[in-house]
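Peer 1: Got a file for you: structure-v9.pdb, PDB, C-alpha atoms.
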```pdb
ATOM      1  CA  MET A   1       0.000   0.000   0.000  1.00  0.00           C
ATOM      2  CA  HIS A   2       2.760   2.451   0.939  1.00  0.00           C
ATOM      3  CA  LYS A   3       4.978   3.193  -2.040  1.00  0.00           C
ATOM      4  CA  GLY A   4       7.765   4.924  -0.162  1.00  0.00           C
ATOM      5  CA  GLY A   5       8.335   8.367   1.302  1.00  0.00           C
ATOM      6  CA  ALA A   6       7.664   9.705   4.764  1.00  0.00           C
ATOM      7  CA  LEU A   7       5.157   8.216   7.161  1.00  0.00           C
ATOM      8  CA  GLU A   8       4.000  10.632   9.835  1.00  0.00           C
ATOM      9  CA  ILE A   9       1.327  11.109  12.464  1.00  0.00           C
ATOM     10  CA  GLU A  10       1.129  14.761  13.426  1.00  0.00           C
ATOM     11  CA  TYR A  11      -0.700  15.927  16.540  1.00  0.00           C
ATOM     12  CA  GLU A  12      -1.402  19.652  16.676  1.00  0.00           C
ATOM     13  CA  ASN A  13      -2.628  20.991  20.017  1.00  0.00           C
ATOM     14  CA  LEU A  14      -4.715  17.822  20.401  1.00  0.00           C
ATOM     15  CA  THR A  15      -7.248  17.943  23.224  1.00  0.00           C
ATOM     16  CA  VAL A  16      -9.649  15.053  23.832  1.00  0.00           C
ATOM     17  CA  VAL A  17     -12.495  14.996  26.346  1.00  0.00           C
ATOM     18  CA  ARG A  18     -14.157  11.777  27.522  1.00  0.00           C
ATOM     19  CA  GLY A  19     -16.920  11.549  30.083  1.00  0.00           C
ATOM     20  CA  GLY A  20     -16.696  15.254  30.755  1.00  0.00           C
ATOM     21  CA  ARG A  21     -12.992  14.988  31.665  1.00  0.00           C
ATOM     22  CA  VAL A  22     -10.015  16.325  29.716  1.00  0.00           C
ATOM     23  CA  VAL A  23      -7.965  13.194  29.055  1.00  0.00           C
ATOM     24  CA  ILE A  24      -5.422  14.622  26.606  1.00  0.00           C
ATOM     25  CA  SER A  25      -4.663  18.336  26.655  1.00  0.00           C
ATOM     26  CA  GLY A  26      -2.747  20.323  24.045  1.00  0.00           C
ATOM     27  CA  LEU A  27      -0.564  17.518  22.690  1.00  0.00           C
ATOM     28  CA  THR A  28       1.738  18.675  19.910  1.00  0.00           C
ATOM     29  CA  MET A  29       4.251  16.223  18.473  1.00  0.00           C
ATOM     30  CA  SER A  30       5.065  14.181  15.389  1.00  0.00           C
ATOM     31  CA  MET A  31       5.650  10.449  15.068  1.00  0.00           C
ATOM     32  CA  LYS A  32       7.697   9.700  11.983  1.00  0.00           C
ATOM     33  CA  GLY A  33       8.199   6.306  10.419  1.00  0.00           C
ATOM     34  CA  PRO A  34       9.272   3.784   9.823  1.00  0.00           C
ATOM     35  CA  GLY A  35       9.942   3.249  13.491  1.00  0.00           C
ATOM     36  CA  LEU A  36       8.348   2.522  16.848  1.00  0.00           C
ATOM     37  CA  TYR A  37       6.898   4.958  19.376  1.00  0.00           C
ATOM     38  CA  GLN A  38       5.769   3.938  22.835  1.00  0.00           C
ATOM     39  CA  VAL A  39       2.919   5.583  24.716  1.00  0.00           C
ATOM     40  CA  ILE A  40       3.199   4.899  28.431  1.00  0.00           C
ATOM     41  CA  GLY A  41       1.337   5.887  31.571  1.00  0.00           C
ATOM     42  CA  PRO A  42      -0.991   4.554  34.276  1.00  0.00           C
ATOM     43  CA  ASN A  43      -4.491   3.212  33.712  1.00  0.00           C
ATOM     44  CA  GLY A  44      -6.896   5.967  32.704  1.00  0.00           C
ATOM     45  CA  ALA A  45      -4.117   8.293  31.559  1.00  0.00           C
ATOM     46  CA  GLY A  46      -5.336   8.413  27.956  1.00  0.00           C
ATOM     47  CA  LYS A  47      -3.273   5.823  26.099  1.00  0.00           C
ATOM     48  CA  THR A  48      -6.204   4.088  24.407  1.00  0.00           C
ATOM     49  CA  THR A  49      -7.897   7.466  23.964  1.00  0.00           C
ATOM     50  CA  LEU A  50      -4.918   8.656  21.926  1.00  0.00           C
ATOM     51  CA  LEU A  51      -5.109   5.627  19.625  1.00  0.00           C
ATOM     52  CA  LEU A  52      -8.851   6.090  19.094  1.00  0.00           C
ATOM     53  CA  ALA A  53      -8.348   9.784  18.325  1.00  0.00           C
ATOM     54  CA  THR A  54      -5.562   8.880  15.880  1.00  0.00           C
ATOM     55  CA  MET A  55      -7.956   6.589  14.009  1.00  0.00           C
ATOM     56  CA  GLY A  56     -10.685   9.228  13.978  1.00  0.00           C
ATOM     57  CA  VAL A  57     -12.998   7.178  16.213  1.00  0.00           C
ATOM     58  CA  LEU A  58     -12.909   9.943  18.829  1.00  0.00           C
ATOM     59  CA  LYS A  59     -13.245  13.546  17.693  1.00  0.00           C
ATOM     60  CA  PRO A  60     -10.947  16.103  19.340  1.00  0.00           C
ATOM     61  CA  ALA A  61     -12.383  18.880  21.463  1.00  0.00           C
ATOM     62  CA  ALA A  62      -9.589  21.016  20.011  1.00  0.00           C
ATOM     63  CA  GLY A  63      -6.633  20.595  17.683  1.00  0.00           C
ATOM     64  CA  ARG A  64      -6.259  17.902  15.069  1.00  0.00           C
ATOM     65  CA  VAL A  65      -4.566  14.693  13.987  1.00  0.00           C
ATOM     66  CA  SER A  66      -3.049  14.451  10.505  1.00  0.00           C
ATOM     67  CA  ILE A  67      -1.824  11.238   8.882  1.00  0.00           C
ATOM     68  CA  LYS A  68       0.772  12.088   6.254  1.00  0.00           C
ATOM     69  CA  PRO A  69       0.923  11.839   3.318  1.00  0.00           C
ATOM     70  CA  TRP A  70      -2.742  10.739   3.182  1.00  0.00           C
ATOM     71  CA  GLY A  71      -4.443  13.222   5.512  1.00  0.00           C
ATOM     72  CA  SER A  72      -6.761  10.781   7.305  1.00  0.00           C
ATOM     73  CA  ALA A  73      -6.391   7.334   8.846  1.00  0.00           C
ATOM     74  CA  SER A  74      -8.879   5.616   6.547  1.00  0.00           C
ATOM     75  CA  GLY A  75      -7.363   2.504   5.004  1.00  0.00           C
ATOM     76  CA  VAL A  76      -3.779   3.261   6.067  1.00  0.00           C
ATOM     77  CA  VAL A  77      -3.947   2.651   9.815  1.00  0.00           C
ATOM     78  CA  ALA A  78      -4.493  -0.804  11.344  1.00  0.00           C
ATOM     79  CA  TYR A  79      -5.535  -1.233  14.970  1.00  0.00           C
ATOM     80  CA  VAL A  80      -4.671  -4.120  17.277  1.00  0.00           C
ATOM     81  CA  PRO A  81      -6.979  -3.962  20.331  1.00  0.00           C
ATOM     82  CA  GLN A  82      -5.919  -4.878  23.842  1.00  0.00           C
ATOM     83  CA  SER A  83      -8.329  -7.795  23.953  1.00  0.00           C
ATOM     84  CA  PHE A  84     -10.749  -9.701  21.771  1.00  0.00           C
ATOM     85  CA  GLU A  85     -13.387 -11.936  23.262  1.00  0.00           C
ATOM     86  CA  LEU A  86     -15.485 -14.626  21.616  1.00  0.00           C
ATOM     87  CA  PRO A  87     -17.950 -17.086  23.154  1.00  0.00           C
ATOM     88  CA  GLU A  88     -16.099 -20.251  24.125  1.00  0.00           C
ATOM     89  CA  GLU A  89     -18.116 -22.300  21.635  1.00  0.00           C
ATOM     90  CA  ALA A  90     -17.558 -19.909  18.699  1.00  0.00           C
ATOM     91  CA  PRO A  91     -16.467 -22.073  15.705  1.00  0.00           C
ATOM     92  CA  VAL A  92     -13.893 -19.601  14.365  1.00  0.00           C
ATOM     93  CA  SER A  93     -10.499 -20.930  13.387  1.00  0.00           C
ATOM     94  CA  THR A  94      -7.250 -18.971  13.530  1.00  0.00           C
ATOM     95  CA  TYR A  95      -7.106 -18.776   9.742  1.00  0.00           C
ATOM     96  CA  ALA A  96     -10.765 -17.744   9.392  1.00  0.00           C
ATOM     97  CA  PHE A  97     -10.229 -15.026  12.004  1.00  0.00           C
ATOM     98  CA  VAL A  98      -7.670 -13.366   9.736  1.00  0.00           C
ATOM     99  CA  GLU A  99      -9.319 -14.183   6.407  1.00  0.00           C
ATOM    100  CA  ASN A 100     -12.846 -13.033   7.338  1.00  0.00           C
ATOM    101  CA  TYR A 101     -11.552  -9.747   8.702  1.00  0.00           C
ATOM    102  CA  LEU A 102      -9.631  -9.107   5.492  1.00  0.00           C
ATOM    103  CA  VAL A 103     -12.703  -9.876   3.356  1.00  0.00           C
ATOM    104  CA  LEU A 104     -14.742  -7.298   5.286  1.00  0.00           C
ATOM    105  CA  TRP A 105     -11.897  -4.779   5.179  1.00  0.00           C
ATOM    106  CA  ALA A 106     -11.536  -5.083   1.386  1.00  0.00           C
ATOM    107  CA  LYS A 107     -15.302  -4.935   0.811  1.00  0.00           C
ATOM    108  CA  LYS A 108     -15.668  -1.801   2.919  1.00  0.00           C
ATOM    109  CA  ARG A 109     -12.977  -0.058   0.900  1.00  0.00           C
ATOM    110  CA  GLY A 110     -14.026  -1.423  -2.464  1.00  0.00           C
ATOM    111  CA  VAL A 111     -10.635  -2.903  -3.262  1.00  0.00           C
ATOM    112  CA  GLY A 112      -9.717  -6.277  -4.714  1.00  0.00           C
ATOM    113  CA  VAL A 113      -7.078  -8.313  -2.853  1.00  0.00           C
ATOM    114  CA  ASP A 114      -5.830 -11.884  -2.887  1.00  0.00           C
ATOM    115  CA  VAL A 115      -7.364 -12.774   0.458  1.00  0.00           C
ATOM    116  CA  GLU A 116      -5.871 -16.266   0.751  1.00  0.00           C
ATOM    117  CA  GLU A 117      -2.367 -15.085  -0.108  1.00  0.00           C
ATOM    118  CA  ARG A 118      -2.463 -12.161   2.319  1.00  0.00           C
ATOM    119  CA  ALA A 119      -3.903 -14.209   5.168  1.00  0.00           C
ATOM    120  CA  ARG A 120      -1.304 -16.926   4.653  1.00  0.00           C
ATOM    121  CA  LYS A 121       1.612 -14.481   4.557  1.00  0.00           C
ATOM    122  CA  ALA A 122       0.399 -12.626   7.643  1.00  0.00           C
ATOM    123  CA  LEU A 123       0.074 -15.817   9.684  1.00  0.00           C
ATOM    124  CA  GLU A 124       3.498 -16.976   8.550  1.00  0.00           C
ATOM    125  CA  LEU A 125       5.051 -13.603   9.347  1.00  0.00           C
ATOM    126  CA  VAL A 126       3.837 -13.603  12.945  1.00  0.00           C
ATOM    127  CA  GLY A 127       5.084 -17.161  13.399  1.00  0.00           C
ATOM    128  CA  ILE A 128       1.869 -19.078  14.041  1.00  0.00           C
ATOM    129  CA  PRO A 129       2.553 -22.690  12.985  1.00  0.00           C
ATOM    130  CA  ARG A 130       0.288 -24.186  10.325  1.00  0.00           C
ATOM    131  CA  SER A 131      -0.860 -26.807  12.808  1.00  0.00           C
ATOM    132  CA  LEU A 132      -2.737 -24.056  14.644  1.00  0.00           C
ATOM    133  CA  TRP A 133      -4.351 -22.398  11.612  1.00  0.00           C
ATOM    134  CA  SER A 134      -7.360 -24.723  11.843  1.00  0.00           C
ATOM    135  CA  GLU A 135      -7.466 -24.599  15.651  1.00  0.00           C
ATOM    136  CA  ARG A 136     -10.456 -22.913  17.260  1.00  0.00           C
ATOM    137  CA  LEU A 137      -9.477 -19.359  18.158  1.00  0.00           C
ATOM    138  CA  THR A 138     -10.766 -19.635  21.722  1.00  0.00           C
ATOM    139  CA  ARG A 139      -8.360 -22.494  22.405  1.00  0.00           C
ATOM    140  CA  LEU A 140      -5.210 -20.525  21.607  1.00  0.00           C
ATOM    141  CA  SER A 141      -2.766 -19.418  24.281  1.00  0.00           C
ATOM    142  CA  GLY A 142      -2.617 -15.738  25.172  1.00  0.00           C
ATOM    143  CA  GLY A 143       0.574 -15.253  23.163  1.00  0.00           C
ATOM    144  CA  THR A 144      -0.754 -17.009  20.061  1.00  0.00           C
ATOM    145  CA  MET A 145      -3.997 -15.051  20.278  1.00  0.00           C
ATOM    146  CA  ARG A 146      -1.965 -11.841  20.359  1.00  0.00           C
ATOM    147  CA  ARG A 147      -0.087 -12.980  17.267  1.00  0.00           C
ATOM    148  CA  ALA A 148      -3.401 -13.709  15.523  1.00  0.00           C
ATOM    149  CA  LEU A 149      -4.585 -10.166  16.278  1.00  0.00           C
ATOM    150  CA  ILE A 150      -1.350  -8.767  14.852  1.00  0.00           C
ATOM    151  CA  ALA A 151      -1.679 -11.010  11.778  1.00  0.00           C
ATOM    152  CA  ARG A 152      -5.201  -9.700  11.205  1.00  0.00           C
ATOM    153  CA  ALA A 153      -3.856  -6.153  11.127  1.00  0.00           C
ATOM    154  CA  LEU A 154      -0.849  -7.101   8.981  1.00  0.00           C
ATOM    155  CA  ALA A 155      -3.081  -8.705   6.352  1.00  0.00           C
ATOM    156  CA  THR A 156      -4.440  -5.259   5.452  1.00  0.00           C
ATOM    157  CA  ASP A 157      -0.912  -4.146   4.535  1.00  0.00           C
ATOM    158  CA  ALA A 158      -1.480  -0.879   6.419  1.00  0.00           C
ATOM    159  CA  PRO A 159       1.746   1.151   6.708  1.00  0.00           C
ATOM    160  CA  ILE A 160       0.800   2.388  10.201  1.00  0.00           C
ATOM    161  CA  MET A 161      -0.119   0.072  13.080  1.00  0.00           C
ATOM    162  CA  LEU A 162      -1.549   1.066  16.458  1.00  0.00           C
ATOM    163  CA  LEU A 163      -1.178  -1.617  19.142  1.00  0.00           C
ATOM    164  CA  ASP A 164      -2.953  -1.305  22.491  1.00  0.00           C
ATOM    165  CA  GLU A 165      -1.120  -3.138  25.307  1.00  0.00           C
ATOM    166  CA  PRO A 166       0.209  -5.955  23.072  1.00  0.00           C
ATOM    167  CA  PHE A 167       1.877  -7.706  26.043  1.00  0.00           C
ATOM    168  CA  SER A 168      -1.214  -8.062  28.200  1.00  0.00           C
ATOM    169  CA  ASN A 169      -2.126 -11.619  29.254  1.00  0.00           C
ATOM    170  CA  ILE A 170       1.046 -13.115  27.775  1.00  0.00           C
ATOM    171  CA  ASP A 171       3.645 -15.176  29.645  1.00  0.00           C
ATOM    172  CA  PRO A 172       7.234 -13.806  29.888  1.00  0.00           C
ATOM    173  CA  GLU A 173       8.573 -15.959  27.030  1.00  0.00           C
ATOM    174  CA  GLY A 174       5.696 -14.914  24.785  1.00  0.00           C
ATOM    175  CA  ARG A 175       6.325 -11.257  25.580  1.00  0.00           C
ATOM    176  CA  VAL A 176       9.900 -11.502  24.382  1.00  0.00           C
ATOM    177  CA  GLU A 177       8.760 -13.156  21.138  1.00  0.00           C
ATOM    178  CA  VAL A 178       6.104 -10.516  20.486  1.00  0.00           C
ATOM    179  CA  ALA A 179       8.639  -7.748  21.259  1.00  0.00           C
ATOM    180  CA  GLU A 180      11.035  -9.191  18.668  1.00  0.00           C
ATOM    181  CA  LEU A 181       8.218  -9.376  16.109  1.00  0.00           C
ATOM    182  CA  LEU A 182       7.258  -5.734  16.692  1.00  0.00           C
ATOM    183  CA  GLY A 183      10.890  -4.711  16.464  1.00  0.00           C
ATOM    184  CA  GLU A 184      11.151  -6.365  13.056  1.00  0.00           C
ATOM    185  CA  LEU A 185       7.926  -4.748  11.840  1.00  0.00           C
ATOM    186  CA  SER A 186       9.132  -1.307  12.925  1.00  0.00           C
ATOM    187  CA  SER A 187      11.861  -1.406  10.281  1.00  0.00           C
ATOM    188  CA  SER A 188       9.248  -0.991   7.532  1.00  0.00           C
ATOM    189  CA  LYS A 189       6.146   0.395   9.276  1.00  0.00           C
ATOM    190  CA  LEU A 190       5.246   3.131  11.749  1.00  0.00           C
ATOM    191  CA  LEU A 191       4.200   1.447  15.004  1.00  0.00           C
ATOM    192  CA  VAL A 192       2.567   3.186  17.955  1.00  0.00           C
ATOM    193  CA  VAL A 193       2.443   0.907  20.988  1.00  0.00           C
ATOM    194  CA  THR A 194       0.800   1.574  24.359  1.00  0.00           C
ATOM    195  CA  SER A 195       2.395  -0.049  27.376  1.00  0.00           C
ATOM    196  CA  HIS A 196       2.779   0.078  31.138  1.00  0.00           C
ATOM    197  CA  ASP A 197       6.374  -1.116  30.915  1.00  0.00           C
ATOM    198  CA  PRO A 198       8.617   0.276  28.150  1.00  0.00           C
ATOM    199  CA  VAL A 199      11.623  -1.986  28.804  1.00  0.00           C
ATOM    200  CA  LEU A 200      10.780  -4.819  26.378  1.00  0.00           C
ATOM    201  CA  LEU A 201      10.662  -2.503  23.374  1.00  0.00           C
ATOM    202  CA  LEU A 202      13.186   0.081  24.504  1.00  0.00           C
ATOM    203  CA  SER A 203      15.927  -0.989  22.076  1.00  0.00           C
ATOM    204  CA  TYR A 204      13.513  -0.507  19.146  1.00  0.00           C
ATOM    205  CA  THR A 205      11.922   2.726  20.366  1.00  0.00           C
ATOM    206  CA  LYS A 206      12.422   6.112  18.721  1.00  0.00           C
ATOM    207  CA  GLU A 207      10.578   8.132  21.352  1.00  0.00           C
ATOM    208  CA  LEU A 208       8.481   7.708  24.474  1.00  0.00           C
ATOM    209  CA  LEU A 209       5.287   9.664  25.060  1.00  0.00           C
ATOM    210  CA  LEU A 210       4.296   9.754  28.731  1.00  0.00           C
ATOM    211  CA  LEU A 211       0.642  10.545  29.408  1.00  0.00           C
ATOM    212  CA  GLY A 212      -0.673  11.367  32.863  1.00  0.00           C
ATOM    213  CA  TYR A 213      -4.197  12.689  33.346  1.00  0.00           C
ATOM    214  CA  GLY A 214      -4.091  15.633  30.981  1.00  0.00           C
ATOM    215  CA  ARG A 215      -0.334  16.159  31.166  1.00  0.00           C
ATOM    216  CA  HIS A 216       2.249  14.809  28.751  1.00  0.00           C
ATOM    217  CA  GLU A 217       5.978  14.646  28.080  1.00  0.00           C
ATOM    218  CA  HIS A 218       7.790  13.116  25.115  1.00  0.00           C
ATOM    219  CA  GLY A 219      11.322  12.557  23.910  1.00  0.00           C
ATOM    220  CA  PRO A 220      13.935   9.958  22.988  1.00  0.00           C
TER     221      PRO A 220
END
```
As structure tokens, how would this structure be written, given the file I've shared?
Peer 2:
Amino acid sequence: MHKGGALEIEYENLTVVRGGRVVISGLTMSMKGPGLYQVIGPNGAGKTTLLLATMGVLKPAAGRVSIKPWGSASGVVAYVPQSFELPEEAPVSTYAFVENYLVLWAKKRGVGVDVEERARKALELVGIPRSLWSERLTRLSGGTMRRALIARALATDAPIMLLDEPFSNIDPEGRVEVAELLGELSSSKLLVVTSHDPVLLLSYTKELLLLGYGRHEHGP
């Protein structure tokens, strides 16, 4: 999708209000890719709010978000949520989870893609063994489920990826593996990752953005 050139998320005096409370106030900074940026801070500090505002799901009370060179996030930003829940009996396989999402994504945007090829490549890239592609999604470990969520986003070939707490509910070994995967992806994409603990991704990180109840600081 991205044919080269600069990738950039630009926040200009961004202020976001949720539930009558100012969560993000006057944020001005740029995130330039390829590369990885971490957004850290305590629960309720606005990390997820920032991702939702970046995607255009939440409208700013003031300021703006610009995705360069496209202008908006539509079709160029992929989102990996913190969690994804299905009923235990849901008959959705790992492969179908990625493939069905890609079908809906392509239909919504009116584009033609080789769904099977993209789903296969995405699952291979995140390192999910073929023996688990037909496994019911609800039976996967926390780490494999996280990889499936990342694969779903990768299948869209979006040049910018927003990942909300990608290490939650994963054992220590799985966290290291996911960190290495994100580090590799950051060499060709712009990744924005929210986290409580920046250490795992520190060696790959361009800048940290610290959010704290309306206040913010950022730097290398």
Peer 1: If you count all atoms listed in the file, which residues fall within 8 Å of segment 132-144 of chain A, apart from same-chain ones fewer than 4 positions away, as a ChimeraX atom specification?
Peer 2: /A:86-95,97,128,148,169-171,174-175,178
Peer 1: Can you tell me, as an mmCIF file with C-alpha atoms, keeping the file's coordinate frame, what residues are no more than 12 Å from Ser66 of chain A when counting only C-alpha atoms, ignoring any on the same chain fewer than 4 positions away?
Peer 2:
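Dumped to part.cif:
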```
data_model
loop_
_atom_site.group_PDB
_atom_site.id
_atom_site.type_symbol
_atom_site.label_atom_id
_atom_site.label_comp_id
_atom_site.auth_asym_id
_atom_site.auth_seq_id
_atom_site.Cartn_x
_atom_site.Cartn_y
_atom_site.Cartn_z
ATOM 1 C CA LEU A 7 5.157 8.216 7.161
ATOM 2 C CA GLU A 8 4.000 10.632 9.835
ATOM 3 C CA ILE A 9 1.327 11.109 12.464
ATOM 4 C CA GLU A 10 1.129 14.761 13.426
ATOM 5 C CA TYR A 11 -0.700 15.927 16.540
ATOM 6 C CA GLU A 12 -1.402 19.652 16.676
ATOM 7 C CA ASN A 13 -2.628 20.991 20.017
ATOM 8 C CA LEU A 14 -4.715 17.822 20.401
ATOM 9 C CA THR A 28 1.738 18.675 19.910
ATOM 10 C CA MET A 29 4.251 16.223 18.473
ATOM 11 C CA SER A 30 5.065 14.181 15.389
ATOM 12 C CA MET A 31 5.650 10.449 15.068
ATOM 13 C CA LYS A 32 7.697 9.700 11.983
ATOM 14 C CA ALA A 53 -8.348 9.784 18.325
ATOM 15 C CA THR A 54 -5.562 8.880 15.880
ATOM 16 C CA MET A 55 -7.956 6.589 14.009
ATOM 17 C CA GLY A 56 -10.685 9.228 13.978
ATOM 18 C CA PRO A 60 -10.947 16.103 19.340
ATOM 19 C CA TRP A 70 -2.742 10.739 3.182
ATOM 20 C CA GLY A 71 -4.443 13.222 5.512
ATOM 21 C CA SER A 72 -6.761 10.781 7.305
ATOM 22 C CA ALA A 73 -6.391 7.334 8.846
ATOM 23 C CA SER A 74 -8.879 5.616 6.547
ATOM 24 C CA VAL A 77 -3.947 2.651 9.815
#
```
Peer 1: For Val16 of chain A, which residue among A:Ile160, A:Gly183, A:Glu99, A:Arg215 is the nearest when counting all atoms listed in the file?
Peer 2: A:Arg215
Peer 1: At what distance in Å, to one decimal, does atom CA of Phe167 of chain A lie from atom CA of Thr205 of chain A?
Peer 2: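 Computing it gives 15.6 Å between the two atoms.
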Peer 1: Kindly indicate which residue among A:Gly63, A:Gly26, A:Pro81, A:Pro220 lies nearest to Thr48 of chain A, using all atoms listed in the file for the distances.
Peer 2: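 Closest to Thr48 of chain A of all the choices is A:Pro81.
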Peer 1: Would you kindly return, as a list of chain:residue names, each protein, DNA or RNA residue with an atom no farther than 10 Å from any atom of Asn43 of chain A, considering all atoms listed in the file and excluding same-chain residues fewer than 3 positions away?
Peer 2: A:Ile40, A:Gly46, A:Lys47, A:Thr48, A:Ser195, A:His196, A:Leu211, A:Gly212, A:Tyr213
Peer 1: With all atoms listed in the file as the basis for distance, which of A:Leu200, A:Leu181, A:Val57, A:Ala155 is at the shortest distance from Ala106 of chain A?
Peer 2: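 For Ala106 of chain A, the nearest of the candidates is A:Ala155.
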Peer 1: Return the padded bounding box of segment 140-147 of chain A as lines of an AutoDock Vina configuration file: axis-aligned, built from all atoms listed in the file, 5 Å added on each side, with centre and edge lengths in Å to one decimal.
Peer 2:
```
center_x = -2.3
center_y = -16.2
center_z = 21.2
size_x = 15.8
size_y = 18.7
size_z = 17.9
```
Peer 1: With the file shown as input, list the residues that the PyMOL selection byres ((chain A and resi 210) around 6) selects, as JSON, numbers by chain.
Peer 2: {"A": [39, 40, 41, 209, 211, 216, 217]}
Peer 1: When you draw a straight line from atom CA of Lys59 of chain A to atom CA of Gly110 of chain A, how long is it in Å?
Peer 2: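 Here the two named atoms are 25.1 Å from each other.
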Peer 1: If I take atom CA of Val22 of chain A and atom CA of Leu202 of chain A, how far is one from the other in Å, to one decimal?
Peer 2: 28.8 Å
